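Engineer: My file is model.pdb. It has PDB, C-alpha atoms:
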ATOM      1  CA  MET P 108     -45.467 -53.026  11.779
ATOM      2  CA  GLU P 109     -43.336 -50.934   9.465
ATOM      3  CA  SER P 110     -40.728 -48.888  11.329
ATOM      4  CA  ALA P 111     -38.815 -47.442   8.392
ATOM      5  CA  ARG P 112     -38.628 -47.620   4.634
ATOM      6  CA  ARG P 113     -35.787 -47.053   2.238
ATOM      7  CA  THR P 114     -35.945 -47.179  -1.576
ATOM      8  CA  LEU P 115     -32.994 -48.999  -3.143
ATOM      9  CA  PRO P 116     -32.265 -48.083  -6.769
ATOM     10  CA  SER P 117     -31.990 -50.886  -9.299
ATOM     11  CA  PHE P 118     -29.456 -48.953 -11.361
ATOM     12  CA  GLY P 119     -25.824 -48.113 -10.772
ATOM     13  CA  SER P 120     -23.333 -50.278  -8.960
ATOM     14  CA  SER P 121     -24.267 -53.898  -8.377
ATOM     15  CA  GLN P 122     -22.786 -53.656  -4.878
ATOM     16  CA  GLN P 123     -24.404 -51.503  -2.240
ATOM     17  CA  ARG P 124     -24.196 -51.521   1.518
ATOM     18  CA  GLU P 125     -26.171 -49.612   4.087
ATOM     19  CA  ASP P 126     -26.119 -50.440   7.791
ATOM     20  CA  PHE P 127     -28.924 -49.389  10.108
ATOM     21  CA  GLU P 128     -30.578 -50.453  13.318
ATOM     22  CA  VAL P 129     -34.222 -50.180  14.326
ATOM     23  CA  SER P 130     -35.332 -51.081  17.846
ATOM     24  CA  PRO P 131     -39.115 -50.601  18.276
ATOM     25  CA  PRO P 132     -39.724 -50.358  22.036
ATOM     26  CA  GLU P 133     -43.104 -52.056  21.861
ATOM     27  CA  PHE P 134     -41.598 -55.380  20.806
ATOM     28  CA  ARG P 135     -40.002 -57.758  23.288
ATOM     29  CA  LYS P 136     -38.228 -59.539  20.432
ATOM     30  CA  VAL P 137     -36.434 -57.986  17.499
ATOM     31  CA  ALA P 138     -36.678 -59.556  14.073
ATOM     32  CA  SER P 139     -33.586 -61.007  12.486
ATOM     33  CA  PRO P 140     -31.709 -58.653  10.142
ATOM     34  CA  GLY P 141     -33.209 -58.628   6.678
ATOM     35  CA  THR P 142     -31.322 -58.902   3.427
ATOM     36  CA  VAL P 143     -31.771 -57.488  -0.038
ATOM     37  CA  SER P 144     -30.938 -60.010  -2.721
ATOM     38  CA  ALA P 145     -28.428 -58.852  -5.327
ATOM     39  CA  LYS P 146     -28.783 -61.920  -7.524
ATOM     40  CA  PHE P 147     -31.004 -60.118 -10.024
ATOM     41  CA  THR P 148     -28.892 -57.007 -10.564
ATOM     42  CA  ARG P 149     -27.855 -56.091 -14.112
ATOM     43  CA  PRO P 150     -24.750 -54.261 -15.292
ATOM     44  CA  PRO P 151     -25.509 -50.524 -15.475
ATOM     45  CA  ASN P 152     -26.527 -49.230 -18.883
ATOM     46  CA  ASP P 153     -25.294 -45.728 -19.652
ATOM     47  CA  LYS P 154     -28.371 -45.163 -21.799
ATOM     48  CA  THR P 155     -30.795 -45.704 -18.918
ATOM     49  CA  ILE P 156     -29.082 -44.656 -15.671
ATOM     50  CA  GLY P 157     -30.388 -41.101 -15.942
ATOM     51  CA  LEU P 158     -33.847 -42.347 -16.877
ATOM     52  CA  TYR P 159     -33.963 -44.563 -13.793
ATOM     53  CA  ARG P 160     -33.227 -41.517 -11.656
ATOM     54  CA  LYS P 161     -36.089 -39.690 -13.320
ATOM     55  CA  VAL P 162     -38.393 -42.626 -12.547
ATOM     56  CA  ALA P 163     -37.376 -42.449  -8.881
ATOM     57  CA  ASP P 164     -38.080 -38.703  -8.849
ATOM     58  CA  ALA P 165     -41.476 -39.177 -10.506
ATOM     59  CA  GLU P 166     -42.464 -41.859  -8.008
ATOM     60  CA  ARG P 167     -41.285 -39.779  -5.070
ATOM     61  CA  ASP P 168     -43.383 -36.839  -6.281
ATOM     62  CA  LYS P 169     -46.366 -39.138  -6.984
ATOM     63  CA  ARG P 170     -46.401 -38.677 -10.755
ATOM     64  CA  PRO P 171     -47.207 -42.225 -11.920
ATOM     65  CA  ALA P 172     -48.117 -41.277 -15.495
ATOM     66  CA  GLU P 173     -44.698 -39.687 -15.910
ATOM     67  CA  ALA P 174     -43.023 -42.740 -14.347
ATOM     68  CA  ILE P 175     -44.783 -44.989 -16.883
ATOM     69  CA  THR P 176     -43.657 -42.790 -19.773
ATOM     70  CA  ILE P 177     -40.034 -42.865 -18.599
ATOM     71  CA  LEU P 178     -40.092 -46.612 -17.991
ATOM     72  CA  LYS P 179     -41.297 -47.097 -21.546
ATOM     73  CA  GLU P 180     -38.287 -45.069 -22.671
ATOM     74  CA  ILE P 181     -36.044 -47.372 -20.644
ATOM     75  CA  VAL P 182     -37.362 -50.603 -22.175
ATOM     76  CA  LEU P 183     -37.190 -49.004 -25.628
ATOM     77  CA  ALA P 184     -33.536 -48.128 -25.055
ATOM     78  CA  ASP P 185     -32.772 -51.483 -23.379
ATOM     79  CA  PRO P 186     -35.377 -54.093 -24.380
ATOM     80  CA  GLU P 187     -33.590 -56.798 -22.341
ATOM     81  CA  ASP P 188     -33.984 -54.937 -19.034
ATOM     82  CA  PHE P 189     -36.231 -57.381 -17.176
ATOM     83  CA  ILE P 190     -36.103 -55.200 -14.051
ATOM     84  CA  ALA P 191     -37.531 -52.213 -15.927
ATOM     85  CA  TRP P 192     -40.258 -54.354 -17.487
ATOM     86  CA  ALA P 193     -41.273 -55.603 -14.042
ATOM     87  CA  LYS P 194     -41.191 -52.060 -12.665
ATOM     88  CA  LEU P 195     -43.375 -50.889 -15.539
ATOM     89  CA  GLY P 196     -45.822 -53.661 -14.706
ATOM     90  CA  THR P 197     -45.832 -52.631 -11.052
ATOM     91  CA  VAL P 198     -46.669 -48.999 -11.806
ATOM     92  CA  HIS P 199     -49.383 -50.048 -14.261
ATOM     93  CA  PHE P 200     -50.773 -52.391 -11.586
ATOM     94  CA  GLU P 201     -50.810 -49.628  -8.987
ATOM     95  CA  GLN P 202     -52.782 -47.472 -11.425
ATOM     96  CA  GLY P 203     -55.305 -50.217 -12.122
ATOM     97  CA  ASN P 204     -54.075 -50.882 -15.667
ATOM     98  CA  LEU P 205     -54.255 -54.642 -15.205
ATOM     99  CA  ASN P 206     -53.887 -55.716 -18.836
ATOM    100  CA  ASP P 207     -50.851 -53.491 -19.360
ATOM    101  CA  ALA P 208     -49.391 -54.727 -16.075
ATOM    102  CA  ASP P 209     -49.890 -58.352 -17.109
ATOM    103  CA  ALA P 210     -48.139 -57.784 -20.447
ATOM    104  CA  ALA P 211     -45.167 -56.064 -18.797
ATOM    105  CA  PHE P 212     -44.766 -58.800 -16.173
ATOM    106  CA  ARG P 213     -44.917 -61.475 -18.864
ATOM    107  CA  ARG P 214     -42.171 -59.732 -20.808
ATOM    108  CA  SER P 215     -40.027 -59.501 -17.673
ATOM    109  CA  LEU P 216     -40.394 -63.229 -17.063
ATOM    110  CA  GLU P 217     -39.676 -64.066 -20.696
ATOM    111  CA  LEU P 218     -36.331 -62.324 -20.209
ATOM    112  CA  ARG P 219     -35.587 -63.768 -16.739
ATOM    113  CA  MET P 220     -37.824 -66.681 -15.890
ATOM    114  CA  GLU P 221     -36.643 -66.916 -12.265
ATOM    115  CA  TYR P 222     -37.166 -63.194 -11.487
ATOM    116  CA  THR P 223     -39.119 -63.579  -8.262
ATOM    117  CA  PRO P 224     -40.447 -59.976  -7.931
ATOM    118  CA  ALA P 225     -42.287 -60.383 -11.225
ATOM    119  CA  TRP P 226     -43.795 -63.730 -10.138
ATOM    120  CA  VAL P 227     -44.945 -62.180  -6.852
ATOM    121  CA  ASN P 228     -46.582 -59.270  -8.628
ATOM    122  CA  VAL P 229     -48.297 -61.583 -11.106
ATOM    123  CA  GLY P 230     -49.687 -63.425  -8.091
ATOM    124  CA  LYS P 231     -50.965 -60.158  -6.650
ATOM    125  CA  LEU P 232     -52.410 -59.275 -10.042
ATOM    126  CA  ARG P 233     -54.326 -62.562 -10.193
ATOM    127  CA  MET P 234     -55.680 -61.870  -6.711
ATOM    128  CA  ALA P 235     -56.859 -58.447  -7.868
ATOM    129  CA  GLN P 236     -58.606 -60.227 -10.735
ATOM    130  CA  LYS P 237     -60.150 -62.615  -8.177
ATOM    131  CA  GLN P 238     -58.413 -65.585  -9.791
ATOM    132  CA  TYR P 239     -57.413 -66.964  -6.414
ATOM    133  CA  ASP P 240     -56.525 -70.512  -7.418
ATOM    134  CA  ALA P 241     -54.243 -69.194 -10.150
ATOM    135  CA  ALA P 242     -52.722 -66.720  -7.704
ATOM    136  CA  ALA P 243     -51.989 -69.519  -5.246
ATOM    137  CA  GLU P 244     -50.216 -71.602  -7.887
ATOM    138  CA  ILE P 245     -48.110 -68.637  -8.991
ATOM    139  CA  LEU P 246     -47.177 -67.688  -5.439
ATOM    140  CA  LYS P 247     -46.404 -71.317  -4.592
ATOM    141  CA  HIS P 248     -43.883 -71.235  -7.423
ATOM    142  CA  ALA P 249     -42.493 -67.938  -6.108
ATOM    143  CA  ALA P 250     -41.991 -69.616  -2.723
ATOM    144  CA  THR P 251     -39.813 -72.266  -4.369
ATOM    145  CA  LEU P 252     -37.664 -69.452  -5.784
ATOM    146  CA  GLU P 253     -37.511 -67.509  -2.499
ATOM    147  CA  PRO P 254     -38.058 -70.097   0.267
ATOM    148  CA  ASN P 255     -36.945 -67.662   2.978
ATOM    149  CA  SER P 256     -39.330 -64.865   2.051
ATOM    150  CA  ALA P 257     -41.984 -64.281   4.691
ATOM    151  CA  ARG P 258     -43.806 -61.884   2.378
ATOM    152  CA  VAL P 259     -44.190 -64.530  -0.346
ATOM    153  CA  TYR P 260     -45.642 -67.030   2.142
ATOM    154  CA  GLN P 261     -47.968 -64.371   3.528
ATOM    155  CA  LEU P 262     -49.354 -63.633   0.069
ATOM    156  CA  LEU P 263     -49.603 -67.357  -0.647
ATOM    157  CA  GLY P 264     -51.570 -67.862   2.546
ATOM    158  CA  GLU P 265     -53.928 -65.005   1.693
ATOM    159  CA  ALA P 266     -54.489 -66.446  -1.792
ATOM    160  CA  TYR P 267     -55.400 -69.812  -0.291
ATOM    161  CA  VAL P 268     -57.771 -68.138   2.170
ATOM    162  CA  PHE P 269     -59.565 -66.294  -0.643
ATOM    163  CA  ALA P 270     -59.710 -69.558  -2.576
ATOM    164  CA  LYS P 271     -61.473 -71.067   0.465
ATOM    165  CA  LYS P 272     -58.586 -73.429   1.201
ATOM    166  CA  GLY P 273     -58.207 -72.554   4.854
ATOM    167  CA  THR P 274     -55.936 -75.418   5.871
ATOM    168  CA  LEU P 275     -53.376 -74.648   3.173
ATOM    169  CA  GLY P 276     -53.754 -70.963   3.961
ATOM    170  CA  ALA P 277     -53.003 -71.494   7.636
ATOM    171  CA  GLU P 278     -49.913 -73.555   6.759
ATOM    172  CA  ALA P 279     -48.510 -70.828   4.526
ATOM    173  CA  LEU P 280     -49.345 -68.060   7.002
ATOM    174  CA  ASN P 281     -47.665 -69.936   9.846
ATOM    175  CA  LYS P 282     -44.596 -70.391   7.637
ATOM    176  CA  ALA P 283     -44.493 -66.620   7.136
ATOM    177  CA  ILE P 284     -44.632 -66.104  10.899
ATOM    178  CA  GLU P 285     -41.859 -68.652  11.384
ATOM    179  CA  LEU P 286     -39.639 -66.748   8.939
ATOM    180  CA  ASP P 287     -40.365 -63.290  10.378
ATOM    181  CA  PRO P 288     -42.095 -63.507  13.778
ATOM    182  CA  VAL P 289     -42.280 -59.761  14.410
ATOM    183  CA  GLY P 290     -42.661 -58.355  10.921
ATOM    184  CA  THR P 291     -45.668 -60.576  10.252
ATOM    185  CA  ALA P 292     -47.422 -60.008  13.588
ATOM    186  CA  GLU P 293     -50.649 -58.931  11.853
ATOM    187  CA  ILE P 294     -50.979 -62.429  10.387
ATOM    188  CA  HIS P 295     -52.018 -63.651  13.834
ATOM    189  CA  LEU P 296     -55.197 -61.578  13.456
ATOM    190  CA  LEU P 297     -56.027 -63.229  10.141
ATOM    191  CA  LEU P 298     -55.424 -66.665  11.633
ATOM    192  CA  ALA P 299     -57.589 -65.756  14.619
ATOM    193  CA  ALA P 300     -60.432 -64.793  12.290
ATOM    194  CA  LEU P 301     -60.044 -68.065  10.371
ATOM    195  CA  TYR P 302     -60.124 -70.177  13.530
ATOM    196  CA  ASP P 303     -63.065 -68.213  14.911
ATOM    197  CA  ARG P 304     -65.116 -68.850  11.760
ATOM    198  CA  ALA P 305     -64.186 -72.530  11.949
ATOM    199  CA  GLY P 306     -65.423 -72.704  15.541
ATOM    200  CA  ALA P 307     -61.936 -73.274  16.994
ATOM    201  CA  LYS P 308     -62.231 -70.413  19.434
ATOM    202  CA  ASP P 309     -59.445 -71.578  21.730
ATOM    203  CA  ARG P 310     -57.044 -71.545  18.779
ATOM    204  CA  ALA P 311     -58.307 -68.094  17.844
ATOM    205  CA  SER P 312     -57.585 -66.962  21.407
ATOM    206  CA  ARG P 313     -54.067 -68.314  21.111
ATOM    207  CA  GLU P 314     -53.488 -66.237  17.960
ATOM    208  CA  TYR P 315     -54.834 -63.083  19.640
ATOM    209  CA  LYS P 316     -52.530 -63.720  22.581
ATOM    210  CA  LEU P 317     -49.518 -64.229  20.322
ATOM    211  CA  PHE P 318     -50.373 -60.996  18.543
ATOM    212  CA  LEU P 319     -50.615 -59.024  21.793
ATOM    213  CA  ASP P 320     -47.304 -60.493  22.939
ATOM    214  CA  LYS P 321     -45.711 -58.803  19.927
ATOM    215  CA  VAL P 322     -47.812 -55.652  19.630
ATOM    216  CA  LYS P 323     -48.383 -54.134  23.044
ATOM    217  CA  GLU P 324     -50.710 -51.362  21.926
ATOM    218  CA  HIS P 325     -53.493 -51.786  19.383
ATOM    219  CA  PRO P 326     -56.849 -50.021  18.919
ATOM    220  CA  ASP P 327     -58.673 -53.337  19.442
ATOM    221  CA  LYS P 328     -56.532 -54.540  22.340
ATOM    222  CA  LYS P 329     -59.399 -54.612  24.851
ATOM    223  CA  LYS P 330     -61.624 -56.496  22.413
ATOM    224  CA  PHE P 331     -58.914 -59.122  21.890
ATOM    225  CA  GLU P 332     -58.355 -59.447  25.649
ATOM    226  CA  LYS P 333     -62.083 -59.916  26.187
ATOM    227  CA  TYR P 334     -62.159 -62.646  23.527
ATOM    228  CA  ILE P 335     -59.236 -64.404  25.216
ATOM    229  CA  ARG P 336     -60.974 -64.301  28.635
ATOM    230  CA  GLU P 337     -64.205 -65.670  27.187
ATOM    231  CA  ASN P 338     -62.423 -68.386  25.179
ATOM    232  CA  PRO P 339     -59.435 -69.523  27.246
ATOM    233  CA  VAL P 340     -56.597 -71.312  25.519
ATOM    234  CA  ARG P 341     -56.634 -75.023  26.344
TER     235      ARG P 341
END
Now, as a test, write the supplied structure out as structure tokens.

Structural biologist:
Amino acid sequence: MESARRTLPSFGSSQQREDFEVSPPEFRKVASPGTVSAKFTRPPNDKTIGLYRKVADAERDKRPAEAITILKEIVLADPEDFIAWAKLGTVHFEQGNLNDADAAFRRSLELRMEYTPAWVNVGKLRMAQKQYDAAAEILKHAATLEPNSARVYQLLGEAYVFAKKGTLGAEALNKAIELDPVGTAEIHLLLAALYDRAGAKDRASREYKLFLDKVKEHPDKKKFEKYIRENPVR
């Protein structure tokens, strides 16, 4: 459950600190503090700092076409900016321009092969193209680059599920829960659905119970409780 969101610019100083605390009352446990990796920052480029600010403004005001135009200006002014190439791919992807997104992500990875955000987005792109086996391989590689990322394991698990590899999917999804028990609470619902379809109703009940332990109020709470009563956990 998202409690807050903050956009961090990829331009300017390579060091940035912001302290905050979020305590959702509906959770008994609070997730461990998250971190934003600074290992992929680049030295600021005077030619593009202002353009990056314009991109942020365009995105905030929901002007994606303008954001794409400005990002193209950035990579023209600084062709080695792998972050801008990946961002261009992301905006293209969000607009459904899959071929343009693919080309931009590829360029980003040519410049910085270990740039995890680009790998993750290529995985999401392959899922959008329904190339689930390819998506799983890409996201498995991303997990080797960011082994502590719950989001990467969640996407990997979903790719395996779509590829009809439920066992591998469950392993990856459980790893995501292990890394971020509260932030990935919704994964319990996906696991419950998987176990239910496989006929393991007691395991599905366990996942519903784990979900309700973390999320006290949910529109389907009564339905989950009924399922748990009818299929008690062994």

Engineer: Atom CA of Ala243 of chain P and atom CA of Tyr267 of chain P, how far apart in Å?

Structural biologist: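 Separation of atom CA of Tyr267 of chain P and atom CA of Ala243 of chain P: 6.0 Å.
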
Engineer: Of the candidates P:Lys272, P:Arg304, P:Lys323, P:Arg258, which shows the shortest atom-to-atom distance to Thr291 of chain P, using all atoms listed in the file?

Structural biologist: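 Closest to Thr291 of chain P of all the choices is P:Arg258.
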
Engineer: How far is it from atom CA of Val198 of chain P to atom CA of Ala225 of chain P, in Å with one decimal?

Structural biologist: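 Between these atoms lies a distance of 12.2 Å.
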
Engineer: Give as a short mmCIF file (atom, residue, chain, number, x, y, z; two decimals) with C-alpha atoms, keeping the file's coordinate frame the residues that the PyMOL selection byres ((chain P and resi 173-190) around 12) matches when applied to the coordinates above.

Structural biologist:
data_model
loop_
_atom_site.label_atom_id
_atom_site.label_comp_id
_atom_site.auth_asym_id
_atom_site.auth_seq_id
_atom_site.Cartn_x
_atom_site.Cartn_y
_atom_site.Cartn_z
CA PRO P 116 -32.26 -48.08 -6.77
CA SER P 117 -31.99 -50.89 -9.30
CA PHE P 118 -29.46 -48.95 -11.36
CA LYS P 146 -28.78 -61.92 -7.52
CA PHE P 147 -31.00 -60.12 -10.02
CA THR P 148 -28.89 -57.01 -10.56
CA ARG P 149 -27.86 -56.09 -14.11
CA PRO P 150 -24.75 -54.26 -15.29
CA PRO P 151 -25.51 -50.52 -15.48
CA ASN P 152 -26.53 -49.23 -18.88
CA ASP P 153 -25.29 -45.73 -19.65
CA LYS P 154 -28.37 -45.16 -21.80
CA THR P 155 -30.80 -45.70 -18.92
CA ILE P 156 -29.08 -44.66 -15.67
CA GLY P 157 -30.39 -41.10 -15.94
CA LEU P 158 -33.85 -42.35 -16.88
CA TYR P 159 -33.96 -44.56 -13.79
CA ARG P 160 -33.23 -41.52 -11.66
CA LYS P 161 -36.09 -39.69 -13.32
CA VAL P 162 -38.39 -42.63 -12.55
CA ALA P 163 -37.38 -42.45 -8.88
CA ASP P 164 -38.08 -38.70 -8.85
CA ALA P 165 -41.48 -39.18 -10.51
CA GLU P 166 -42.46 -41.86 -8.01
CA ARG P 167 -41.28 -39.78 -5.07
CA ASP P 168 -43.38 -36.84 -6.28
CA LYS P 169 -46.37 -39.14 -6.98
CA ARG P 170 -46.40 -38.68 -10.76
CA PRO P 171 -47.21 -42.22 -11.92
CA ALA P 172 -48.12 -41.28 -15.50
CA ALA P 191 -37.53 -52.21 -15.93
CA TRP P 192 -40.26 -54.35 -17.49
CA ALA P 193 -41.27 -55.60 -14.04
CA LYS P 194 -41.19 -52.06 -12.66
CA LEU P 195 -43.38 -50.89 -15.54
CA GLY P 196 -45.82 -53.66 -14.71
CA THR P 197 -45.83 -52.63 -11.05
CA VAL P 198 -46.67 -49.00 -11.81
CA HIS P 199 -49.38 -50.05 -14.26
CA PHE P 200 -50.77 -52.39 -11.59
CA GLU P 201 -50.81 -49.63 -8.99
CA GLN P 202 -52.78 -47.47 -11.42
CA ASN P 204 -54.08 -50.88 -15.67
CA ASP P 207 -50.85 -53.49 -19.36
CA ALA P 208 -49.39 -54.73 -16.08
CA ALA P 211 -45.17 -56.06 -18.80
CA PHE P 212 -44.77 -58.80 -16.17
CA ARG P 213 -44.92 -61.48 -18.86
CA ARG P 214 -42.17 -59.73 -20.81
CA SER P 215 -40.03 -59.50 -17.67
CA LEU P 216 -40.39 -63.23 -17.06
CA GLU P 217 -39.68 -64.07 -20.70
CA LEU P 218 -36.33 -62.32 -20.21
CA ARG P 219 -35.59 -63.77 -16.74
CA MET P 220 -37.82 -66.68 -15.89
CA GLU P 221 -36.64 -66.92 -12.26
CA TYR P 222 -37.17 -63.19 -11.49
CA THR P 223 -39.12 -63.58 -8.26
CA PRO P 224 -40.45 -59.98 -7.93
CA ALA P 225 -42.29 -60.38 -11.22
#

Engineer: In the coordinates of the file, take the point (-57.9, -58.7, 15.0) and a cut-off of 10 Å; then, counting all atoms listed in the file, name each qualifying protein, DNA or RNA residue as a ChimeraX atom specification.

Structural biologist: /P:293-300,311,314-315,318-319,325-328,330-331
